[in-house]
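What follows is a set of notes on a single structure, which appears directly below.
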Amino acid sequence: MELKQTKIKKIDIKDICKLYENADIKEAADIIRSGGLVAFPTETVYGLGANALMSEAAKKIYAAKGRPSDNPLIVHISKTEDVNNIAREIPEIFYKLAECFWPGPMTVVLKKRIIIPDDTSGGLDTVAVRLPDNNIARALIEVSKVPIAAPSANTSGRPSPTRASHVFDDMDGRIDMIIDGGTVGIGVESTIVDLTGDIPTLLRPGAVTVEMLQEVCTEVDIDPAIEHLLASGEAPKAPGMKYKHYAPKADMKMLKGNEAAVLDYLKKEISKSEIKTAILTVDEHWAVLEKIIEDNKKENIKLLSLGSLKDMKTVAHNLFDVLRKCDELGVSTILSESFDESGIGRAIMNRLKKASGFNIIYLGEL
Ligand code: AMP
Ligand code: MG
């Protein structure tokens, strides 16, 4: 792959009108229109953007990320009505969902129009569409005058980027520009809902939770790939969900069970472990685990908190940052606590399970 000079442009403007006039946004839009790659912030994670209508541009995304070509890209638009330009046979439920959750962290899968090239849709006759709730993202799409295909701006398989520095670590020299708009708000990727069948089906959990979708749709199906490791021969409906994903470099295990059993397991692991290990825990368990590490003089064990059990949104926000920190620390093993799977907990657990390759140790009754 030809090495590029990756420009970094810092933008910190809250006023969307001024963004349309911003010289860096105009330069980024020119790059997108002419088939280049620009990483930009959204409210979920940083996206790696390209002109969604141009096959050659979409191909560059797959090359920069090392992404398998059957894993389709989400197409980002700046106004709900623009969905008509890229999708057809749009069901009534789409309009209800869009009214409730757009702009926001919800992607819908619809039947595509032929204007969307196969390289964008991974060869499928459907297209995933999202209207992001981030002023920089929307201004970039608007000024580019084309829909922008943008997967998460990480190397394929690695944790998604929640800061511009994460994008830089993975993409320096591979893309034309990074727009640094600060740390993202949500921290896990959008909820994906397939609207091409009779019943809306959740393909990937995110900050628009199943409970929220159920308030709008009478019924919501859940793709089994979200919760379980599929048997060979089974395929998830979102092609990307079949790949090991979000993964730090170390081997990772999830601990699932009641609080006492998990803490007991961790205590035993701390006292016997000789290898560089990260423990992903929560604020509530920090003091007790720190004391055991100190008492056992275990400098090989690093404690990292994902946040408080009382604030699952912060846990979601910290998740990928903490997984990337495990790489920086160079640990060989990660032990992670589990979370309740209601609300945004479902999205958190989906990412953790996938990061661990569904390597789950069951400990005692929940
Ligand atoms: P990313 O852009 O990295 O957040 O990944 C996008 C996710 O959306 C992947 O899991 C894709 O498989 C999924 N996706 C994109 N387009 C479609 C589609 N047309 N049908 C089903 N899943 C899709
Ligand atoms: Mg991704």
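Chain labels A, B, ... are given in the sequence in which chains occur in the structure tokens; within each chain residues are numbered consecutively from 1, and ligands are likewise numbered from 1 in the order shown.
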Looking only at the backbone, which of the residues in stretch 68-288 of chain A does DSSP tag as helix (DSSP H, G or I), as an MDAnalysis selection string? chainID A and resid 80:86 92:101 118:121 135:144 164:171 210:216 224:226 239:242 259:272 283:288
Counting only C-alpha atoms and all ligand atoms, which protein, DNA or RNA residues come within 9 Å of ligand 1, given as a VMD selection string? chain A and resid 45 47 to 48 67 70 to 75 107 to 112 120 to 129 149 to 154 156 160 189 to 190 192 to 194 203 to 204 236 to 243
File dump, residues just selected, N, CA and C atoms, as a compact mmCIF listing (two decimals), in the first residue's frame:
# COMPACT_ATOMS: atom_id res chain seq x y z
N VAL A 45 -18.24 6.46 17.52
CA VAL A 45 -16.78 6.29 17.48
C VAL A 45 -16.29 7.08 16.26
N GLY A 47 -15.16 7.62 12.54
CA GLY A 47 -15.43 6.90 11.30
C GLY A 47 -14.33 7.16 10.28
N LEU A 48 -14.14 6.20 9.37
CA LEU A 48 -13.19 6.37 8.28
C LEU A 48 -13.99 6.58 7.01
N ARG A 67 -9.83 -4.63 5.92
CA ARG A 67 -11.17 -5.17 6.20
C ARG A 67 -11.57 -6.18 5.14
N ASP A 70 -16.23 -8.62 2.17
CA ASP A 70 -17.66 -8.97 2.29
C ASP A 70 -18.30 -8.27 3.49
N ASN A 71 -17.57 -7.36 4.13
CA ASN A 71 -18.10 -6.70 5.32
C ASN A 71 -18.54 -5.28 4.94
N PRO A 72 -19.86 -5.09 4.71
CA PRO A 72 -20.33 -3.83 4.12
C PRO A 72 -20.13 -2.62 5.02
N LEU A 73 -20.21 -1.44 4.39
CA LEU A 73 -19.94 -0.18 5.08
C LEU A 73 -21.26 0.53 5.41
N ILE A 74 -21.29 1.26 6.51
CA ILE A 74 -22.47 2.06 6.83
C ILE A 74 -22.37 3.38 6.08
N VAL A 75 -23.49 3.76 5.44
CA VAL A 75 -23.51 5.01 4.66
C VAL A 75 -24.14 6.11 5.52
N THR A 107 -28.42 2.73 13.17
CA THR A 107 -28.24 2.46 11.74
C THR A 107 -29.38 1.55 11.31
N VAL A 108 -29.98 1.85 10.14
CA VAL A 108 -31.03 0.95 9.65
C VAL A 108 -30.56 0.29 8.36
N VAL A 109 -30.94 -0.97 8.18
CA VAL A 109 -30.63 -1.67 6.93
C VAL A 109 -31.88 -1.67 6.07
N LEU A 110 -31.73 -1.17 4.84
CA LEU A 110 -32.84 -1.05 3.90
C LEU A 110 -32.42 -1.63 2.55
N LYS A 111 -33.41 -1.82 1.65
CA LYS A 111 -33.04 -2.27 0.30
C LYS A 111 -32.32 -1.13 -0.41
N LYS A 112 -31.25 -1.45 -1.13
CA LYS A 112 -30.45 -0.35 -1.70
C LYS A 112 -30.89 0.01 -3.11
N THR A 120 -19.43 -0.73 -1.76
CA THR A 120 -19.89 -0.09 -0.53
C THR A 120 -20.76 -1.06 0.27
N SER A 121 -21.61 -1.82 -0.43
CA SER A 121 -22.58 -2.67 0.28
C SER A 121 -22.07 -4.11 0.45
N GLY A 122 -20.80 -4.33 0.19
CA GLY A 122 -20.22 -5.66 0.37
C GLY A 122 -20.93 -6.71 -0.48
N GLY A 123 -21.44 -6.26 -1.64
CA GLY A 123 -22.09 -7.20 -2.56
C GLY A 123 -23.54 -7.50 -2.19
N LEU A 124 -24.05 -6.92 -1.10
CA LEU A 124 -25.45 -7.18 -0.71
C LEU A 124 -26.39 -6.27 -1.50
N ASP A 125 -27.69 -6.65 -1.57
CA ASP A 125 -28.63 -5.73 -2.22
C ASP A 125 -29.33 -4.84 -1.19
N THR A 126 -28.71 -4.74 -0.02
CA THR A 126 -29.21 -3.84 1.02
C THR A 126 -28.13 -2.81 1.35
N VAL A 127 -28.56 -1.74 2.04
CA VAL A 127 -27.58 -0.73 2.45
C VAL A 127 -27.88 -0.32 3.90
N ALA A 128 -26.82 -0.14 4.67
CA ALA A 128 -26.97 0.33 6.06
C ALA A 128 -26.82 1.85 6.05
N VAL A 129 -27.76 2.55 6.69
CA VAL A 129 -27.78 4.03 6.63
C VAL A 129 -27.86 4.61 8.03
N ALA A 149 -19.55 6.80 3.15
CA ALA A 149 -19.41 5.45 3.72
C ALA A 149 -18.35 5.54 4.80
N ALA A 150 -18.68 5.09 6.01
CA ALA A 150 -17.69 5.23 7.09
C ALA A 150 -17.80 4.10 8.10
N PRO A 151 -16.90 3.12 8.01
CA PRO A 151 -16.81 2.15 9.10
C PRO A 151 -15.99 2.79 10.22
N SER A 152 -15.88 2.10 11.34
CA SER A 152 -15.03 2.62 12.42
C SER A 152 -13.58 2.72 11.91
N ALA A 153 -12.88 3.78 12.37
CA ALA A 153 -11.58 4.11 11.77
C ALA A 153 -10.41 3.38 12.43
N ASN A 154 -10.61 2.10 12.74
CA ASN A 154 -9.56 1.28 13.33
C ASN A 154 -9.07 0.25 12.31
N SER A 156 -8.85 -3.32 11.00
CA SER A 156 -9.86 -4.36 11.16
C SER A 156 -9.51 -5.29 12.33
N SER A 160 -12.46 -0.18 18.40
CA SER A 160 -12.83 1.03 17.64
C SER A 160 -12.23 2.28 18.30
N GLU A 189 -20.20 1.55 18.97
CA GLU A 189 -20.77 1.81 17.66
C GLU A 189 -22.30 1.77 17.69
N SER A 190 -22.89 2.27 16.59
CA SER A 190 -24.35 2.41 16.52
C SER A 190 -25.08 1.07 16.64
N ILE A 192 -27.57 -1.44 15.14
CA ILE A 192 -28.00 -1.72 13.74
C ILE A 192 -29.32 -2.49 13.77
N VAL A 193 -30.31 -1.97 13.03
CA VAL A 193 -31.62 -2.63 12.93
C VAL A 193 -31.92 -2.92 11.47
N ASP A 194 -32.18 -4.17 11.17
CA ASP A 194 -32.53 -4.56 9.80
C ASP A 194 -34.03 -4.38 9.60
N LEU A 203 -29.30 -6.25 14.72
CA LEU A 203 -28.10 -6.96 14.24
C LEU A 203 -26.87 -6.62 15.08
N ARG A 204 -26.89 -5.44 15.72
CA ARG A 204 -25.78 -5.06 16.60
C ARG A 204 -26.34 -4.14 17.67
N PRO A 236 -24.14 -14.73 10.80
CA PRO A 236 -24.90 -13.59 11.33
C PRO A 236 -25.46 -12.75 10.18
N LYS A 237 -26.52 -11.98 10.46
CA LYS A 237 -27.12 -11.17 9.39
C LYS A 237 -26.26 -9.95 9.06
N ALA A 238 -25.50 -9.45 10.03
CA ALA A 238 -24.53 -8.38 9.73
C ALA A 238 -23.20 -9.07 9.49
N PRO A 239 -22.74 -9.10 8.24
CA PRO A 239 -21.55 -9.90 7.92
C PRO A 239 -20.38 -9.60 8.86
N GLY A 240 -20.24 -8.34 9.29
CA GLY A 240 -19.11 -7.96 10.13
C GLY A 240 -19.12 -8.65 11.48
N MET A 241 -20.30 -9.11 11.92
CA MET A 241 -20.39 -9.69 13.26
C MET A 241 -19.77 -11.09 13.33
N LYS A 242 -19.38 -11.63 12.17
CA LYS A 242 -18.78 -12.99 12.24
C LYS A 242 -17.28 -12.92 12.55
N TYR A 243 -16.70 -11.75 12.39
CA TYR A 243 -15.25 -11.65 12.60
C TYR A 243 -14.92 -11.39 14.06
Env of A:Gln214: 12 Å cut, atoms = only C-alpha atoms, seq-sep filter 4 positions within chain, self excluded. Answer as a PyMOL selection string. chain A and resi 93+96-97+100+193+199-202+208-210+218-222+343
Next, the residues of the selection above should be written as a short mmCIF file (atom, residue, chain, number, x, y, z; two decimals), in the first residue's frame with all heavy atoms.
data_model
loop_
_atom_site.label_atom_id
_atom_site.label_comp_id
_atom_site.auth_asym_id
_atom_site.auth_seq_id
_atom_site.Cartn_x
_atom_site.Cartn_y
_atom_site.Cartn_z
N ILE A 93 -42.20 1.82 9.26
CA ILE A 93 -41.52 1.77 10.57
C ILE A 93 -40.21 2.58 10.53
O ILE A 93 -39.77 3.13 11.54
CB ILE A 93 -41.28 0.30 11.02
CG1 ILE A 93 -40.82 0.24 12.48
CG2 ILE A 93 -40.31 -0.43 10.14
CD1 ILE A 93 -41.82 0.65 13.49
N LYS A 96 -40.92 6.13 11.66
CA LYS A 96 -41.15 6.22 13.10
C LYS A 96 -39.82 6.16 13.84
O LYS A 96 -39.56 6.95 14.75
CB LYS A 96 -42.02 5.05 13.58
CG LYS A 96 -43.47 5.17 13.19
CD LYS A 96 -44.26 4.14 13.99
CE LYS A 96 -45.64 3.98 13.43
NZ LYS A 96 -46.26 2.72 13.80
N LEU A 97 -38.98 5.22 13.44
CA LEU A 97 -37.68 5.07 14.12
C LEU A 97 -36.80 6.30 13.90
O LEU A 97 -36.16 6.80 14.82
CB LEU A 97 -36.96 3.81 13.63
CG LEU A 97 -37.54 2.47 14.10
CD1 LEU A 97 -36.96 1.30 13.31
CD2 LEU A 97 -37.28 2.27 15.60
N CYS A 100 -37.77 9.16 16.08
CA CYS A 100 -37.36 9.01 17.49
C CYS A 100 -35.86 9.07 17.68
O CYS A 100 -35.39 9.61 18.66
CB CYS A 100 -37.85 7.67 18.04
SG CYS A 100 -39.60 7.58 18.18
N VAL A 193 -30.31 -1.97 13.03
CA VAL A 193 -31.62 -2.63 12.93
C VAL A 193 -31.92 -2.92 11.47
O VAL A 193 -31.92 -2.00 10.64
CB VAL A 193 -32.76 -1.75 13.49
CG1 VAL A 193 -34.02 -2.58 13.73
CG2 VAL A 193 -32.36 -1.03 14.74
N ILE A 199 -40.26 -8.32 10.50
CA ILE A 199 -40.08 -7.84 11.87
C ILE A 199 -38.71 -7.16 11.96
O ILE A 199 -37.71 -7.75 11.53
CB ILE A 199 -40.15 -9.02 12.88
CG1 ILE A 199 -41.51 -9.71 12.76
CG2 ILE A 199 -39.89 -8.57 14.30
CD1 ILE A 199 -41.60 -11.02 13.50
N PRO A 200 -38.64 -5.93 12.51
CA PRO A 200 -37.33 -5.30 12.68
C PRO A 200 -36.41 -6.20 13.49
O PRO A 200 -36.84 -6.77 14.50
CB PRO A 200 -37.65 -4.01 13.46
CG PRO A 200 -39.09 -3.74 13.18
CD PRO A 200 -39.74 -5.08 13.00
N THR A 201 -35.18 -6.36 13.02
CA THR A 201 -34.25 -7.28 13.69
C THR A 201 -32.99 -6.55 14.11
O THR A 201 -32.35 -5.88 13.30
CB THR A 201 -33.88 -8.44 12.73
OG1 THR A 201 -35.09 -9.06 12.30
CG2 THR A 201 -33.02 -9.49 13.42
N LEU A 202 -32.65 -6.71 15.39
CA LEU A 202 -31.43 -6.10 15.91
C LEU A 202 -30.22 -6.92 15.45
O LEU A 202 -30.13 -8.11 15.74
CB LEU A 202 -31.48 -6.08 17.44
CG LEU A 202 -30.28 -5.45 18.13
CD1 LEU A 202 -30.33 -3.93 18.03
CD2 LEU A 202 -30.19 -5.87 19.59
N VAL A 208 -28.87 3.04 21.28
CA VAL A 208 -30.33 2.93 21.15
C VAL A 208 -30.63 1.48 21.53
O VAL A 208 -30.33 0.54 20.80
CB VAL A 208 -30.81 3.25 19.72
CG1 VAL A 208 -32.29 2.92 19.55
CG2 VAL A 208 -30.57 4.73 19.40
N THR A 209 -31.17 1.30 22.73
CA THR A 209 -31.27 -0.04 23.30
C THR A 209 -32.50 -0.80 22.78
O THR A 209 -33.41 -0.20 22.20
CB THR A 209 -31.37 0.05 24.84
OG1 THR A 209 -32.58 0.75 25.15
CG2 THR A 209 -30.19 0.81 25.43
N VAL A 210 -32.51 -2.11 23.02
CA VAL A 210 -33.67 -2.93 22.63
C VAL A 210 -34.93 -2.38 23.29
O VAL A 210 -35.99 -2.27 22.66
CB VAL A 210 -33.46 -4.40 23.07
CG1 VAL A 210 -34.71 -5.23 22.80
CG2 VAL A 210 -32.29 -5.00 22.34
N THR A 218 -43.72 -2.82 17.50
CA THR A 218 -44.48 -3.78 18.29
C THR A 218 -43.64 -5.00 18.64
O THR A 218 -43.72 -5.56 19.72
CB THR A 218 -45.75 -4.23 17.55
OG1 THR A 218 -45.49 -4.16 16.16
CG2 THR A 218 -46.95 -3.43 17.91
N GLU A 219 -42.78 -5.38 17.71
CA GLU A 219 -41.94 -6.58 17.93
C GLU A 219 -40.53 -6.28 17.45
O GLU A 219 -40.35 -5.59 16.43
CB GLU A 219 -42.50 -7.71 17.05
CG GLU A 219 -42.82 -8.97 17.79
CD GLU A 219 -43.29 -10.03 16.81
OE1 GLU A 219 -44.15 -9.73 15.94
OE2 GLU A 219 -42.78 -11.15 16.88
N VAL A 220 -39.53 -6.80 18.16
CA VAL A 220 -38.14 -6.68 17.71
C VAL A 220 -37.48 -8.05 17.84
O VAL A 220 -37.50 -8.64 18.92
CB VAL A 220 -37.33 -5.66 18.56
CG1 VAL A 220 -35.89 -5.57 18.07
CG2 VAL A 220 -37.99 -4.28 18.55
N ASP A 221 -36.96 -8.58 16.74
CA ASP A 221 -36.19 -9.83 16.81
C ASP A 221 -34.74 -9.50 17.10
O ASP A 221 -34.28 -8.40 16.81
CB ASP A 221 -36.27 -10.58 15.46
CG ASP A 221 -37.52 -11.43 15.36
OD1 ASP A 221 -38.20 -11.59 16.40
OD2 ASP A 221 -37.81 -11.91 14.26
N ILE A 222 -34.03 -10.49 17.66
CA ILE A 222 -32.62 -10.26 17.96
C ILE A 222 -31.79 -11.32 17.24
O ILE A 222 -32.04 -12.53 17.40
CB ILE A 222 -32.37 -10.31 19.48
CG1 ILE A 222 -33.14 -9.15 20.12
CG2 ILE A 222 -30.88 -10.24 19.82
CD1 ILE A 222 -33.05 -9.08 21.62
N GLY A 343 -30.46 -2.69 28.85
CA GLY A 343 -30.10 -1.35 28.39
C GLY A 343 -28.81 -1.38 27.59
O GLY A 343 -28.57 -2.27 26.78
#
What does the distance between atom CA of A:Pro103 and atom CA of A:Asp118 come to in Å, to one decimal place? 25.8 Å
Shortest contact to A:Ala29, candidates A:Arg138, A:Lys79, A:Arg324, A:His228, atoms counted only C-alpha atoms, goes to A:Arg138
Straight-line distance linking atom CA of A:Pro205 with atom CA of A:Thr333, stated in Å to one decimal: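 Separation of atom CA of A:Pro205 and atom CA of A:Thr333: 26.2 Å.
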Work out how far apart atom CA of A:Ser273 and atom CA of A:Pro159 are and give it in Å to one decimal.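 Between atom CA of A:Ser273 and atom CA of A:Pro159 the gap works out to 25.7 Å.
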Who sits within 10 Å of A:Asp24, only C-alpha atoms, same chain under 2 positions skipped, as number ranges by chain: A: 8-11, 19-22, 26-30, 140, 177, 179
For C-alpha atoms, I'd like the residues from the last selection saved as a short mmCIF file (atom, residue, chain, number, x, y, z; two decimals), in the first residue's frame.
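Wrote again-v1.cif, looks like this:
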data_model
loop_
_atom_site.label_atom_id
_atom_site.label_comp_id
_atom_site.auth_asym_id
_atom_site.auth_seq_id
_atom_site.Cartn_x
_atom_site.Cartn_y
_atom_site.Cartn_z
CA ILE A 8 -4.41 16.17 11.17
CA LYS A 9 -6.88 19.05 11.50
CA LYS A 10 -8.24 19.99 14.90
CA ILE A 11 -11.73 21.45 14.81
CA LEU A 19 -18.62 24.67 10.22
CA TYR A 20 -20.01 24.95 6.70
CA GLU A 21 -17.57 27.83 6.10
CA ASN A 22 -14.63 26.14 7.83
CA LYS A 26 -13.98 22.29 2.85
CA GLU A 27 -10.59 20.67 2.30
CA ALA A 28 -11.85 17.40 3.83
CA ALA A 29 -14.97 17.54 1.62
CA ASP A 30 -12.80 18.01 -1.48
CA LEU A 140 -18.65 17.19 6.32
CA MET A 177 -6.75 13.36 6.72
CA ILE A 179 -10.32 15.54 11.70
#
Find, counting only C-alpha atoms and all ligand atoms, the residue in A:Ile361, A:Glu290, A:Ala98, A:Tyr46 that gets nearest to ligand 2.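 Among the listed residues, the smallest separation from ligand 2 belongs to A:Tyr46.
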Ranking A:Ala235, A:Ile275, A:Ala39, A:Ala355 by minimum distance to A:Ser165 and counting only C-alpha atoms, which one comes first? A:Ala39
Point out the residue among A:Ala278, A:Met254, A:Gly66, A:Pro91 with the least atom-to-atom distance to ligand 2, counting only C-alpha atoms and all ligand atoms.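 Smallest separation from ligand 2 among the options: A:Gly66.
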Nearest to ligand 2 among A:Lys256, A:Arg113, A:Arg158, A:Arg33, with distances taken over only C-alpha atoms and all ligand atoms: which residue is it?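 Of A:Lys256, A:Arg113, A:Arg158, A:Arg33, the one nearest ligand 2, counting only C-alpha atoms and all ligand atoms, is A:Arg158.
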Minimum-distance residue to A:Val322, chosen among A:Pro161, A:Pro147, A:Pro105, A:Gly173 (using only C-alpha atoms):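 Counting only C-alpha atoms, the residue closest to A:Val322 is A:Pro161.
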